[in-house]
Amino acid sequence: MAKVIEGLYYSESHEFVRVEGDFGFIGITDYAQNALGNVVYVDMPDVDDEVTAGEEFGAVESVKAASDLISPVSGTVVEVNEMLDDQPELINEDAFENWIIKVELSDKADLDKLMDAKAYDAFCQK
């Protein structure tokens, strides 16, 4: 069973957001990394790029498949996880610890459209 962490926000496309103040750390869930298999490449936006809720911001490639990354929230990219450039497999080791981008949230109402841990867990069981 995939790990789901309380206190995070989850999208139906299997991204999570961890909110700290006005910032959101976005990555893929444990369920997603499990489904993908060994991650070999992460395509990330640049710092200062805008991301829009519901729109693509990059991709994750594994030995099995490539999957678009869909932003769960809108905002401005303030940091990318550069460790993933050289070690994309960190996502497989701990998907929640190894977020992909950090954004300054432009509209916290975006969070209201996402699932909590309980709802996401139920979603994954379907």
# chains A, B, ... in the order shown; residues from 1 in each chain; ligands from 1
>>> select_by_dssp(residues="region 3-117 of chain A", states="alpha helix (DSSP H)", output="JSON, numbers by chain")
{"A": [30, 31, 32, 33, 34, 35, 36, 83, 84, 85, 86, 90, 91, 92, 93, 117]}
>>> select_by_dssp(residues="chain A", states="strand (DSSP E)", output="ChimeraX atom specification")
/A:9-10,15-20,23-28,39-43,50-51,56-62,66-70,75-80,101-105
>>> residues_around(residues="region 10-23 of chain A", least_positions_apart="6", cutoff="9 Å", atoms="only C-alpha atoms", output="PyMOL selection string")
chain A and resi 29-32+69-73+75+78+96+99+102-106+108+111+113-117+119-120+123-124
>>> closest_residue(among="A:Asp49, A:Asp86, A:Asn92, A:Lys118", to="Asn34 (chain A)", atoms="only C-alpha atoms")
A:Asn92
>>> atom_distance(atom1="CA of Thr52 (chain A)", atom2="CA of Ala66 (chain A)")
20.6 Å
>>> closest_residue(among="A:Ala122, A:Asp112, A:Lys64, A:Asn98", to="Tyr9 (chain A)", atoms="only C-alpha atoms")
A:Asp112
>>> closest_residue(among="A:Ala53, A:Met83, A:Ser62, A:Lys126", to="Ala109 (chain A)", atoms="only C-alpha atoms")
A:Ala53
>>> residues_around(residues="region 39-48 of chain A", least_positions_apart="4", cutoff="6 Å", atoms="only C-alpha atoms", output="ChimeraX atom specification")
/A:58-62,76-79,88-89
>>> write_last_selection(atoms="N, CA and C atoms", output="PDB file, in the first residue's frame")
ATOM      1  N   GLY A  58       6.155  20.075 -16.096  1.00  0.00           N
ATOM      2  CA  GLY A  58       7.353  19.273 -16.321  1.00  0.00           C
ATOM      3  C   GLY A  58       6.948  17.830 -16.541  1.00  0.00           C
ATOM      4  N   ALA A  59       7.925  16.926 -16.371  1.00  0.00           N
ATOM      5  CA  ALA A  59       7.647  15.506 -16.560  1.00  0.00           C
ATOM      6  C   ALA A  59       8.607  14.667 -15.726  1.00  0.00           C
ATOM      7  N   VAL A  60       8.158  13.462 -15.434  1.00  0.00           N
ATOM      8  CA  VAL A  60       9.003  12.480 -14.772  1.00  0.00           C
ATOM      9  C   VAL A  60       9.101  11.295 -15.714  1.00  0.00           C
ATOM     10  N   GLU A  61      10.341  10.831 -15.956  1.00  0.00           N
ATOM     11  CA  GLU A  61      10.530   9.675 -16.830  1.00  0.00           C
ATOM     12  C   GLU A  61      11.099   8.530 -16.016  1.00  0.00           C
ATOM     13  N   SER A  62      10.547   7.343 -16.271  1.00  0.00           N
ATOM     14  CA  SER A  62      11.053   6.145 -15.615  1.00  0.00           C
ATOM     15  C   SER A  62      11.444   5.147 -16.693  1.00  0.00           C
ATOM     16  N   THR A  76       4.562  31.102  -8.582  1.00  0.00           N
ATOM     17  CA  THR A  76       5.857  31.360  -9.215  1.00  0.00           C
ATOM     18  C   THR A  76       6.889  30.409  -8.630  1.00  0.00           C
ATOM     19  N   VAL A  77       7.651  29.758  -9.501  1.00  0.00           N
ATOM     20  CA  VAL A  77       8.691  28.835  -9.044  1.00  0.00           C
ATOM     21  C   VAL A  77       9.810  29.647  -8.387  1.00  0.00           C
ATOM     22  N   VAL A  78      10.093  29.353  -7.118  1.00  0.00           N
ATOM     23  CA  VAL A  78      11.166  30.052  -6.412  1.00  0.00           C
ATOM     24  C   VAL A  78      12.390  29.162  -6.218  1.00  0.00           C
ATOM     25  N   GLU A  79      12.194  27.851  -6.392  1.00  0.00           N
ATOM     26  CA  GLU A  79      13.311  26.914  -6.234  1.00  0.00           C
ATOM     27  C   GLU A  79      12.969  25.610  -6.935  1.00  0.00           C
ATOM     28  N   PRO A  88      17.780  11.437  -9.911  1.00  0.00           N
ATOM     29  CA  PRO A  88      16.318  11.378 -10.015  1.00  0.00           C
ATOM     30  C   PRO A  88      15.720  10.223  -9.205  1.00  0.00           C
ATOM     31  N   GLU A  89      16.547   9.206  -8.928  1.00  0.00           N
ATOM     32  CA  GLU A  89      16.061   8.042  -8.178  1.00  0.00           C
ATOM     33  C   GLU A  89      15.715   8.373  -6.723  1.00  0.00           C
TER      34      GLU A  89
END
>>> atom_distance(atom1="CA of Ala35 (chain A)", atom2="CA of Asp68 (chain A)")
13.5 Å
>>> atom_distance(atom1="CA of Glu97 (chain A)", atom2="CA of Phe25 (chain A)")
9.9 Å
